[in-house]
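> Sharing start09.txt here; it has compact mmCIF, C-alpha atoms.
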# COMPACT_ATOMS: atom_id res chain seq x y z
CA MET A 1 4.61 15.04 -10.54
CA ALA A 2 4.83 15.17 -6.78
CA PRO A 3 6.44 18.31 -5.44
CA ALA A 4 10.17 17.91 -4.92
CA ARG A 5 10.30 18.81 -1.25
CA ILE A 6 8.56 16.56 1.19
CA ALA A 7 7.55 18.24 4.42
CA TRP A 8 6.09 17.02 7.68
CA ARG A 9 2.63 18.53 8.17
CA LEU A 10 0.23 18.65 11.08
CA ALA A 11 -3.07 17.04 10.16
CA ALA A 12 -6.22 17.63 12.18
CA VAL A 13 -8.38 14.62 12.96
CA LYS A 14 -11.95 15.48 11.91
CA ASP A 15 -13.60 12.13 12.40
CA VAL A 16 -12.86 8.53 13.34
CA LEU A 17 -14.92 5.80 11.65
CA VAL A 18 -15.13 2.25 12.97
CA GLU A 19 -14.65 -0.08 9.98
CA THR A 20 -14.17 -3.49 11.62
CA PRO A 21 -13.46 -4.68 15.17
CA ARG A 22 -9.76 -3.99 14.54
CA ALA A 23 -9.69 -1.18 12.00
CA LYS A 24 -10.63 2.47 12.02
CA THR A 25 -10.54 5.21 9.44
CA LEU A 26 -9.04 8.55 10.39
CA VAL A 27 -10.61 11.40 8.43
CA LEU A 28 -8.09 14.23 8.27
CA ASP A 29 -7.83 17.85 7.35
CA VAL A 30 -4.31 18.49 6.06
CA PRO A 31 -3.47 22.16 5.49
CA GLY A 32 -1.46 22.59 2.28
CA TRP A 33 -2.08 19.02 1.11
CA PRO A 34 -0.90 18.94 -2.54
CA GLY A 35 -3.28 16.15 -3.64
CA HIS A 36 -2.48 12.52 -4.28
CA VAL A 37 -2.84 9.61 -6.68
CA ALA A 38 -4.84 6.52 -5.72
CA GLY A 39 -2.50 3.90 -4.27
CA GLN A 40 -0.09 6.32 -2.61
CA HIS A 41 0.66 6.37 1.12
CA VAL A 42 1.80 8.72 3.87
CA ASP A 43 4.42 8.40 6.57
CA VAL A 44 3.03 9.01 10.07
CA ARG A 45 5.37 10.07 12.87
CA LEU A 46 4.68 9.95 16.59
CA THR A 47 6.96 11.80 19.01
CA ALA A 48 7.11 10.94 22.71
CA GLU A 49 7.75 13.57 25.38
CA ASP A 50 11.37 12.45 25.67
CA GLY A 51 11.86 12.98 21.94
CA TYR A 52 11.68 9.32 20.91
CA GLN A 53 10.07 8.97 17.52
CA ALA A 54 8.30 6.09 15.80
CA GLN A 55 7.38 6.24 12.13
CA ARG A 56 5.14 4.04 9.98
CA SER A 57 3.61 4.12 6.51
CA TYR A 58 -0.17 4.03 6.00
CA SER A 59 -2.02 3.80 2.73
CA ILE A 60 -4.45 6.51 1.73
CA ALA A 61 -8.01 5.16 1.55
CA SER A 62 -9.72 8.21 0.06
CA ALA A 63 -9.91 9.06 -3.61
CA PRO A 64 -7.98 12.10 -4.82
CA GLU A 65 -11.40 13.63 -5.51
CA ASN A 66 -12.48 13.41 -1.86
CA GLU A 67 -12.32 16.62 0.10
CA LYS A 68 -10.65 15.09 3.13
CA LEU A 69 -7.77 12.65 3.43
CA ALA A 70 -8.69 9.28 4.92
CA LEU A 71 -6.30 6.68 6.35
CA THR A 72 -7.56 3.28 7.44
CA VAL A 73 -5.44 1.76 10.19
CA GLU A 74 -5.58 -1.81 11.42
CA ARG A 75 -4.66 -2.31 15.05
CA LEU A 76 -1.71 -4.65 15.53
CA GLU A 77 -1.67 -6.09 19.05
CA ASP A 78 2.01 -5.51 19.73
CA GLY A 79 2.28 -2.53 17.39
CA GLU A 80 4.10 0.60 18.47
CA VAL A 81 2.05 3.06 16.43
CA SER A 82 -1.25 1.52 15.31
CA PRO A 83 -2.79 1.08 18.81
CA TYR A 84 -2.29 4.80 19.42
CA LEU A 85 -3.92 5.68 16.10
CA THR A 86 -6.91 3.36 16.57
CA ASP A 87 -7.50 3.68 20.32
CA GLU A 88 -6.26 7.10 21.42
CA LEU A 89 -6.80 9.56 18.58
CA GLY A 90 -10.09 11.40 18.36
CA PRO A 91 -11.65 14.39 16.63
CA GLY A 92 -9.70 17.55 17.39
CA ASP A 93 -6.38 15.76 17.87
CA GLU A 94 -3.41 16.43 15.63
CA LEU A 95 -1.23 13.97 13.77
CA GLU A 96 2.14 14.51 12.09
CA LEU A 97 2.43 13.11 8.58
CA ARG A 98 4.21 13.59 5.26
CA GLY A 99 3.24 12.70 1.73
CA PRO A 100 1.87 11.76 -0.64
CA ILE A 101 4.51 9.09 -1.20
CA GLY A 102 4.96 6.58 -4.01
CA GLY A 103 4.34 6.38 -7.73
CA TYR A 104 4.95 2.73 -8.51
CA PHE A 105 1.90 1.38 -6.68
CA ALA A 106 -0.53 3.94 -8.08
CA TRP A 107 -3.33 4.11 -10.64
CA ARG A 108 -5.04 6.97 -12.45
CA SER A 109 -8.27 6.41 -14.34
CA GLU A 110 -6.57 7.53 -17.57
CA ASP A 111 -4.10 4.63 -17.16
CA GLY A 112 -7.01 2.41 -18.16
CA GLY A 113 -7.43 -1.29 -17.63
CA PRO A 114 -8.56 -3.92 -17.33
CA LEU A 115 -7.69 -3.94 -13.66
CA LEU A 116 -7.14 -6.84 -11.31
CA LEU A 117 -6.95 -5.78 -7.66
CA VAL A 118 -6.09 -8.40 -5.07
CA ALA A 119 -6.34 -7.53 -1.38
CA GLY A 120 -5.24 -9.52 1.64
CA GLY A 121 -6.96 -8.16 4.75
CA SER A 122 -6.27 -4.46 5.21
CA GLY A 123 -4.30 -4.54 1.96
CA LEU A 124 -7.65 -3.41 0.61
CA VAL A 125 -6.95 0.18 1.69
CA PRO A 126 -4.89 1.50 -1.28
CA LEU A 127 -6.99 -0.59 -3.69
CA MET A 128 -10.12 1.03 -2.27
CA ALA A 129 -8.64 4.42 -3.13
CA MET A 130 -8.38 3.17 -6.73
CA VAL A 131 -11.97 1.86 -6.71
CA ARG A 132 -13.21 5.16 -5.26
CA HIS A 133 -11.17 7.15 -7.78
CA ARG A 134 -12.63 5.02 -10.57
CA ALA A 135 -16.16 5.72 -9.29
CA ALA A 136 -15.51 9.44 -8.82
CA ASN A 137 -14.53 9.66 -12.49
CA SER A 138 -17.49 7.55 -13.65
CA SER A 139 -14.92 5.22 -15.18
CA THR A 140 -16.25 1.97 -16.62
CA VAL A 141 -12.83 0.30 -16.82
CA ASP A 142 -13.25 -3.47 -16.40
CA THR A 143 -12.19 -3.95 -12.77
CA ARG A 144 -12.04 -7.17 -10.78
CA LEU A 145 -11.49 -6.81 -7.06
CA LEU A 146 -10.67 -9.90 -5.02
CA VAL A 147 -10.74 -9.47 -1.25
CA SER A 148 -9.38 -12.20 1.00
CA ALA A 149 -10.36 -11.97 4.65
CA ARG A 150 -10.74 -14.35 7.56
CA SER A 151 -14.43 -13.55 7.98
CA SER A 152 -17.06 -11.19 6.64
CA GLU A 153 -16.77 -9.00 9.76
CA GLU A 154 -13.14 -8.28 8.87
CA VAL A 155 -13.85 -6.95 5.38
CA LEU A 156 -13.29 -3.20 5.24
CA TYR A 157 -15.84 -0.93 3.53
CA ARG A 158 -18.37 -3.77 3.19
CA ASP A 159 -21.45 -1.66 2.54
CA GLU A 160 -19.71 0.73 0.18
CA LEU A 161 -18.28 -2.16 -1.84
CA ALA A 162 -21.73 -3.73 -2.16
CA ARG A 163 -23.05 -0.40 -3.42
CA LEU A 164 -20.20 0.17 -5.89
CA ALA A 165 -20.37 -3.42 -7.18
CA ALA A 166 -23.84 -2.66 -8.52
CA GLY A 167 -22.26 -0.17 -10.91
CA ASP A 168 -20.81 -0.56 -14.38
CA GLY A 169 -17.78 -2.79 -14.91
CA LEU A 170 -16.80 -3.48 -11.32
CA ALA A 171 -16.89 -7.05 -10.01
CA VAL A 172 -16.21 -7.58 -6.31
CA HIS A 173 -15.22 -11.10 -5.25
CA GLN A 174 -14.55 -12.24 -1.71
CA THR A 175 -12.96 -15.30 -0.23
CA PHE A 176 -13.19 -16.16 3.46
CA THR A 177 -10.33 -18.19 4.86
CA ARG A 178 -11.68 -18.95 8.31
CA GLU A 179 -15.37 -18.25 8.90
CA PRO A 180 -17.50 -17.83 5.81
CA PRO A 181 -20.95 -16.41 6.56
CA ALA A 182 -23.79 -18.91 6.95
CA GLY A 183 -25.12 -19.94 3.58
CA TRP A 184 -22.09 -18.52 1.74
CA SER A 185 -21.69 -20.13 -1.68
CA GLY A 186 -18.66 -18.16 -2.83
CA PHE A 187 -14.95 -18.82 -2.29
CA ALA A 188 -14.04 -20.09 1.18
CA ARG A 189 -10.31 -20.83 0.99
CA ARG A 190 -6.95 -19.20 0.60
CA VAL A 191 -6.38 -17.53 -2.74
CA ASP A 192 -5.23 -20.17 -5.22
CA ALA A 193 -4.79 -20.45 -8.98
CA ASP A 194 -8.38 -21.56 -9.47
CA VAL A 195 -9.75 -18.54 -7.57
CA LEU A 196 -7.56 -16.16 -9.55
CA GLY A 197 -8.50 -17.87 -12.81
CA GLN A 198 -12.21 -17.49 -12.05
CA VAL A 199 -11.90 -13.86 -10.99
CA GLY A 200 -9.90 -13.02 -14.14
CA PRO A 201 -9.24 -11.17 -16.39
CA ALA A 202 -7.35 -13.67 -18.54
CA PRO A 203 -3.64 -12.99 -19.17
CA SER A 204 -4.47 -12.38 -22.85
CA GLN A 205 -6.40 -9.26 -21.78
CA ARG A 206 -3.16 -7.90 -20.29
CA PRO A 207 -4.66 -6.53 -17.08
CA ARG A 208 -2.84 -4.11 -14.81
CA ILE A 209 -2.49 -5.96 -11.55
CA PHE A 210 -2.17 -4.51 -8.04
CA ILE A 211 -1.73 -6.79 -5.05
CA CYS A 212 -1.51 -5.50 -1.48
CA GLY A 213 -1.43 -7.43 1.78
CA PRO A 214 0.87 -9.14 4.25
CA THR A 215 4.19 -10.15 2.68
CA ALA A 216 3.41 -13.90 2.54
CA PHE A 217 0.00 -13.25 0.93
CA VAL A 218 1.47 -10.94 -1.70
CA GLU A 219 4.31 -13.33 -2.56
CA ARG A 220 1.89 -16.20 -3.01
CA ALA A 221 -0.64 -14.29 -5.12
CA ALA A 222 2.10 -12.87 -7.35
CA ASP A 223 3.65 -16.31 -7.91
CA LEU A 224 0.23 -17.75 -8.78
CA LEU A 225 -0.49 -14.98 -11.28
CA VAL A 226 2.89 -15.43 -12.96
CA GLY A 227 2.11 -19.15 -13.09
CA LEU A 228 -1.18 -18.38 -14.85
CA GLY A 229 0.78 -16.49 -17.51
CA HIS A 230 0.46 -12.86 -16.44
CA ASP A 231 3.27 -10.48 -17.37
CA THR A 232 5.51 -9.79 -14.35
CA ALA A 233 5.96 -6.19 -15.49
CA ALA A 234 2.20 -5.62 -15.17
CA ILE A 235 2.11 -6.91 -11.59
CA HIS A 236 2.51 -4.22 -8.94
CA LEU A 237 3.02 -5.32 -5.36
CA GLU A 238 2.86 -3.62 -1.98
CA ARG A 239 3.63 -5.59 1.15
CA PHE A 240 3.08 -4.80 4.79
CA GLY A 241 3.90 -6.74 7.90
CA PRO A 242 4.63 -6.77 11.59
CA THR A 243 7.59 -4.42 11.23
CA GLY A 244 5.15 -1.92 9.76
CA GLY A 245 2.78 -1.79 12.77
CA MET B 1 1.07 -14.44 11.77
CA SER B 2 4.29 -16.32 12.36
CA GLU B 3 4.39 -17.45 8.72
CA ASP B 4 5.00 -13.88 7.63
CA PRO B 5 8.49 -13.03 6.47
CA ARG B 6 9.99 -10.11 8.35
CA TRP B 7 10.52 -7.95 5.32
CA LEU B 8 8.53 -5.40 3.37
CA ASP B 9 9.29 -3.75 0.06
CA GLY B 10 10.73 -0.58 -1.38
CA ASN B 11 7.34 1.17 -1.43
CA ALA B 12 7.85 1.83 2.28
CA LEU B 13 11.15 3.56 1.51
CA GLY B 14 9.47 6.20 -0.69
CA GLY B 15 9.30 8.86 2.02
CA LEU B 16 12.96 8.61 2.95
CA LEU B 17 14.08 8.61 -0.70
CA GLN B 18 11.99 11.68 -1.40
CA GLU B 19 13.54 13.37 1.62
CA LEU B 20 17.07 12.43 0.48
CA PHE B 21 16.84 13.03 -3.25
CA GLY B 22 13.84 15.33 -3.65
CA ALA B 23 12.11 13.01 -6.08
CA GLU B 24 9.62 10.15 -6.20
CA MET B 25 11.82 7.09 -6.61
CA THR B 26 9.78 3.95 -5.85
CA GLY B 27 9.19 3.44 -9.57
CA ALA B 28 12.80 4.23 -10.53
CA PRO B 29 14.97 1.35 -11.73
CA HIS B 30 17.94 0.17 -9.68
CA THR B 31 20.53 -2.14 -11.19
CA CYS B 32 22.06 -4.64 -8.80
CA GLN B 33 25.81 -4.43 -8.40
CA SER B 34 26.07 -8.17 -7.96
CA CYS B 35 23.68 -9.92 -10.37
CA GLY B 36 22.95 -7.04 -12.73
CA THR B 37 19.18 -7.34 -12.49
CA GLU B 38 17.30 -4.09 -13.05
CA SER B 39 14.10 -3.76 -11.02
CA PRO B 40 12.04 -0.90 -9.61
CA VAL B 41 13.01 0.25 -6.13
CA ALA B 42 9.48 -0.74 -4.99
CA ALA B 43 10.12 -4.36 -5.99
CA HIS B 44 13.19 -4.64 -3.72
CA ARG B 45 13.04 -6.26 -0.31
CA LEU B 46 13.10 -3.88 2.63
CA TYR B 47 14.32 -4.83 6.09
CA LEU B 48 13.51 -2.40 8.87
CA GLY B 49 15.39 -2.59 12.13
CA ALA B 50 17.80 -0.27 13.89
CA GLY B 51 18.58 0.87 10.36
CA THR B 52 17.05 0.35 6.94
CA VAL B 53 18.39 -2.20 4.47
CA LEU B 54 17.16 -2.53 0.88
CA ARG B 55 18.09 -5.71 -0.98
CA CYS B 56 17.94 -6.96 -4.57
CA PRO B 57 14.82 -9.15 -5.01
CA VAL B 58 16.77 -11.66 -7.09
CA CYS B 59 20.11 -12.18 -5.30
CA ASP B 60 19.68 -10.35 -1.96
CA GLN B 61 22.70 -8.10 -2.58
CA ILE B 62 22.46 -4.87 -0.58
CA ALA B 63 21.22 -1.89 -2.61
CA LEU B 64 20.96 0.66 0.20
CA VAL B 65 21.71 0.96 3.89
CA ALA B 66 20.38 3.98 5.76
CA VAL B 67 20.75 4.92 9.39
CA ALA B 68 18.94 7.87 10.95
CA LEU B 69 21.15 9.61 13.52
CA ARG B 70 20.08 12.44 15.76
CA ASP B 71 21.11 15.19 13.34
CA ARG B 72 21.58 13.47 9.98
CA HIS B 73 20.96 10.47 7.75
CA MET B 74 23.85 8.21 6.83
CA VAL B 75 23.20 6.47 3.53
CA HIS B 76 25.25 3.89 1.64
CA LEU B 77 24.22 3.08 -1.92
CA THR B 78 25.45 0.33 -4.24
CA GLY B 79 24.68 -0.53 -7.85
CA ALA B 80 23.23 1.89 -10.37
CA TRP B 81 20.44 4.24 -9.31
CA ARG B 82 18.45 6.47 -11.63
CA ILE B 83 16.96 9.68 -10.35
CA GLU B 84 14.42 11.68 -12.32
CA MET B 85 13.11 14.93 -11.00
CA PRO B 86 11.26 17.94 -12.36
CA ARG B 87 13.52 20.81 -13.48
CA VAL B 88 13.21 23.95 -11.42
If you took the structure in this file and wrote it as structure tokens, what would it be?

Amino acid sequence: MAPARIAWRLAAVKDVLVETPRAKTLVLDVPGWPGHVAGQHVDVRLTAEDGYQAQRSYSIASAPENEKLALTVERLEDGEVSPYLTDELGPGDELELRGPIGGYFAWRSEDGGPLLLVAGGSGLVPLMAMVRHRAANSSTVDTRLLVSARSSEEVLYRDELARLAAGDGLAVHQTFTREPPAGWSGFARRVDADVLGQVGPAPSQRPRIFICGPTAFVERAADLLVGLGHDTAAIHLERFGPTGG
Amino acid sequence: MSEDPRWLDGNALGGLLQELFGAEMTGAPHTCQSCGTESPVAAHRLYLGAGTVLRCPVCDQIALVAVALRDRHMVHLTGAWRIEMPRV
């Protein structure tokens, strides 16, 4: 169980990793961090000199087993918080956050599978924490990860995913909705029933399903999965959008 | 992305609920006062603006309204909420 009291903490930025042209990962040292479960998020709070505060939620990208906490933030052009996090913050800076938060959109390796993870754009972040947690525990749970992105350049953690996909029981599928790479023979369209059917697992295998992405993406994927016969109670959703930037 | 609806879901309310009630509540069931549907807080629709409004995913009835003032939170709850927390 998460500790009852939730406190704002000052995290120290240790490193900033460039993931894609629009996304960076903040690697943080958080004194007193109580540990987290893959899929959980943190609230980040920025305070201006005049006292004005802006607060947003960001998913945790790192596995609970990782020594440092990692948040991957996508820059939203007219965002109030994300441009500061991606463009201004650097090693040595401090950041106010609280967490871990959530328990509904979370997975522990002992929960088992099979798993179907569906990511729209940077919705991959909390699902990556699950994939990393799975790897850190040498879990062989049947896991299908479907990543939808506009182009290959926009896929987070590309190299790491390619490495992990070589392991036992993890299948990584991608679909590119705008610019598939030259010579790409995989999916090159929006997620539809056929894509989800091919990625699997079948409804009869009763997979645990986690979908994260922009609200419209999540709604559509969830409706399609219900249409394919998946149990609504097994489908866990997390939406983000412009009001979350 | 103009096609995107301007709402999120109850996952993003987890921090505030933990601050208010001292417990993780995104997975807790809430029963709608209007249509009677029971669904996890995380599955509700969340509208963020000057205040925070949580709505039933089935009928849109308000489940929670929260406003952060300078020195306090003002929170209005409807329907049936279940809170589970570790005993001290």
> Find the residues around Arg220 in chain A up to 12 Å (only C-alpha atoms counted), leave out those fewer than 5 positions away in its own chain, and share them as an MDAnalysis selection string.
(chainID A and resid 118 120 190:193 196 211:215 225:227 237 239) or (chainID B and resid 4:5)
> Do a neighbour search on Ala149 in chain A at 7 Å with all atoms listed in the file, toss out local chain neighbours closer than 3 positions, and write the hits as a CSV table (one decimal) with C-alpha atoms, in the coordinates of the input.

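What ended up in selection.csv:
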chain,number,residue,atom,x,y,z
A,120,GLY,CA,-5.2,-9.5,1.6
A,121,GLY,CA,-7.0,-8.2,4.8
A,154,GLU,CA,-13.1,-8.3,8.9
A,155,VAL,CA,-13.8,-7.0,5.4
A,175,THR,CA,-13.0,-15.3,-0.2
A,176,PHE,CA,-13.2,-16.2,3.5
A,177,THR,CA,-10.3,-18.2,4.9
> Near chain A, which residues of chain B fall within 6 Å when you count only C-alpha atoms, and what do they look like as a list in words?
Asp4, Leu8, Gly14, Gly15, Glu19, Gly22, Ala23, Thr26 and Gly27 of chain B
> Residues at most 6 Å from range 12-16 of chain A, counting only C-alpha atoms, excluding those fewer than 5 positions away in the same chain, as a ChimeraX atom specification?
/A:25-29,91-94
> Please indicate the distance in Å from CA of Gly79 in chain B to CA of Ala50 in chain B, rounded to one decimal place.
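If I compute the distance from CA of Gly79 in chain B to CA of Ala50 in chain B, I get 22.8 Å.
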> Which of these, B:Glu84, B:Asp60, B:Asp71, B:Glu24, has the shortest distance to Ala42 in chain B once you count all atoms listed in the file?
B:Glu24
> Take CA of Leu46 in chain A and CA of Ala119 in chain A and report the distance between them in Å, one decimal.
27.4 Å
> What is the distance between CA of His173 in chain A and CA of Phe187 in chain A, in Å to one decimal?
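These atoms are spaced 8.3 Å apart.
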> Neighbours of range 72-75 of chain A within 10 Å (only C-alpha atoms; same-chain residues fewer than 3 positions away dropped), as a PDB file with C-alpha atoms, in the coordinates of the input?

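Final output, saved to around-v9.pdb:
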ATOM      1  CA  VAL A  16     -12.860   8.530  13.340  1.00  0.00           C
ATOM      2  CA  LEU A  17     -14.920   5.800  11.650  1.00  0.00           C
ATOM      3  CA  VAL A  18     -15.130   2.250  12.970  1.00  0.00           C
ATOM      4  CA  GLU A  19     -14.650  -0.080   9.980  1.00  0.00           C
ATOM      5  CA  THR A  20     -14.170  -3.490  11.620  1.00  0.00           C
ATOM      6  CA  PRO A  21     -13.460  -4.680  15.170  1.00  0.00           C
ATOM      7  CA  ARG A  22      -9.760  -3.990  14.540  1.00  0.00           C
ATOM      8  CA  ALA A  23      -9.690  -1.180  12.000  1.00  0.00           C
ATOM      9  CA  LYS A  24     -10.630   2.470  12.020  1.00  0.00           C
ATOM     10  CA  THR A  25     -10.540   5.210   9.440  1.00  0.00           C
ATOM     11  CA  LEU A  26      -9.040   8.550  10.390  1.00  0.00           C
ATOM     12  CA  VAL A  27     -10.610  11.400   8.430  1.00  0.00           C
ATOM     13  CA  TYR A  58      -0.170   4.030   6.000  1.00  0.00           C
ATOM     14  CA  SER A  59      -2.020   3.800   2.730  1.00  0.00           C
ATOM     15  CA  ILE A  60      -4.450   6.510   1.730  1.00  0.00           C
ATOM     16  CA  ALA A  61      -8.010   5.160   1.550  1.00  0.00           C
ATOM     17  CA  SER A  62      -9.720   8.210   0.060  1.00  0.00           C
ATOM     18  CA  ASP A  78       2.010  -5.510  19.730  1.00  0.00           C
ATOM     19  CA  GLY A  79       2.280  -2.530  17.390  1.00  0.00           C
ATOM     20  CA  GLU A  80       4.100   0.600  18.470  1.00  0.00           C
ATOM     21  CA  VAL A  81       2.050   3.060  16.430  1.00  0.00           C
ATOM     22  CA  SER A  82      -1.250   1.520  15.310  1.00  0.00           C
ATOM     23  CA  PRO A  83      -2.790   1.080  18.810  1.00  0.00           C
ATOM     24  CA  TYR A  84      -2.290   4.800  19.420  1.00  0.00           C
ATOM     25  CA  LEU A  85      -3.920   5.680  16.100  1.00  0.00           C
ATOM     26  CA  THR A  86      -6.910   3.360  16.570  1.00  0.00           C
ATOM     27  CA  ASP A  87      -7.500   3.680  20.320  1.00  0.00           C
ATOM     28  CA  GLY A 121      -6.960  -8.160   4.750  1.00  0.00           C
ATOM     29  CA  SER A 122      -6.270  -4.460   5.210  1.00  0.00           C
ATOM     30  CA  GLY A 123      -4.300  -4.540   1.960  1.00  0.00           C
ATOM     31  CA  LEU A 124      -7.650  -3.410   0.610  1.00  0.00           C
ATOM     32  CA  VAL A 125      -6.950   0.180   1.690  1.00  0.00           C
ATOM     33  CA  PRO A 126      -4.890   1.500  -1.280  1.00  0.00           C
ATOM     34  CA  LEU A 156     -13.290  -3.200   5.240  1.00  0.00           C
ATOM     35  CA  GLY A 245       2.780  -1.790  12.770  1.00  0.00           C
TER      36      GLY A 245
END
> Counting all atoms listed in the file, what is within 9 Å of Glu65 in chain A, bar same-chain residues fewer than 6 positions away, as a ChimeraX atom specification?
/A:35,132-133,136-137
> Please tell me which residues are no farther than 12 Å from (27.0, 5.9, -11.0) in the file, counting all atoms listed in the file, and write them as JSON, numbers by chain.
{"B": [30, 31, 32, 33, 77, 78, 79, 80, 81, 82, 83]}
> Check the smallest atom-to-atom distance from each of A:Ile209, A:Val141, A:Leu95, A:Ala48 to Ser109 in chain A using all atoms listed in the file, then report the winner.
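Ranking A:Ile209, A:Val141, A:Leu95, A:Ala48 by distance to Ser109 in chain A, first place goes to A:Val141.
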> Pick from A:Arg163, A:His36, A:His230, A:Arg208: nearest to Leu115 in chain A, with all atoms listed in the file counted?
A:Arg208
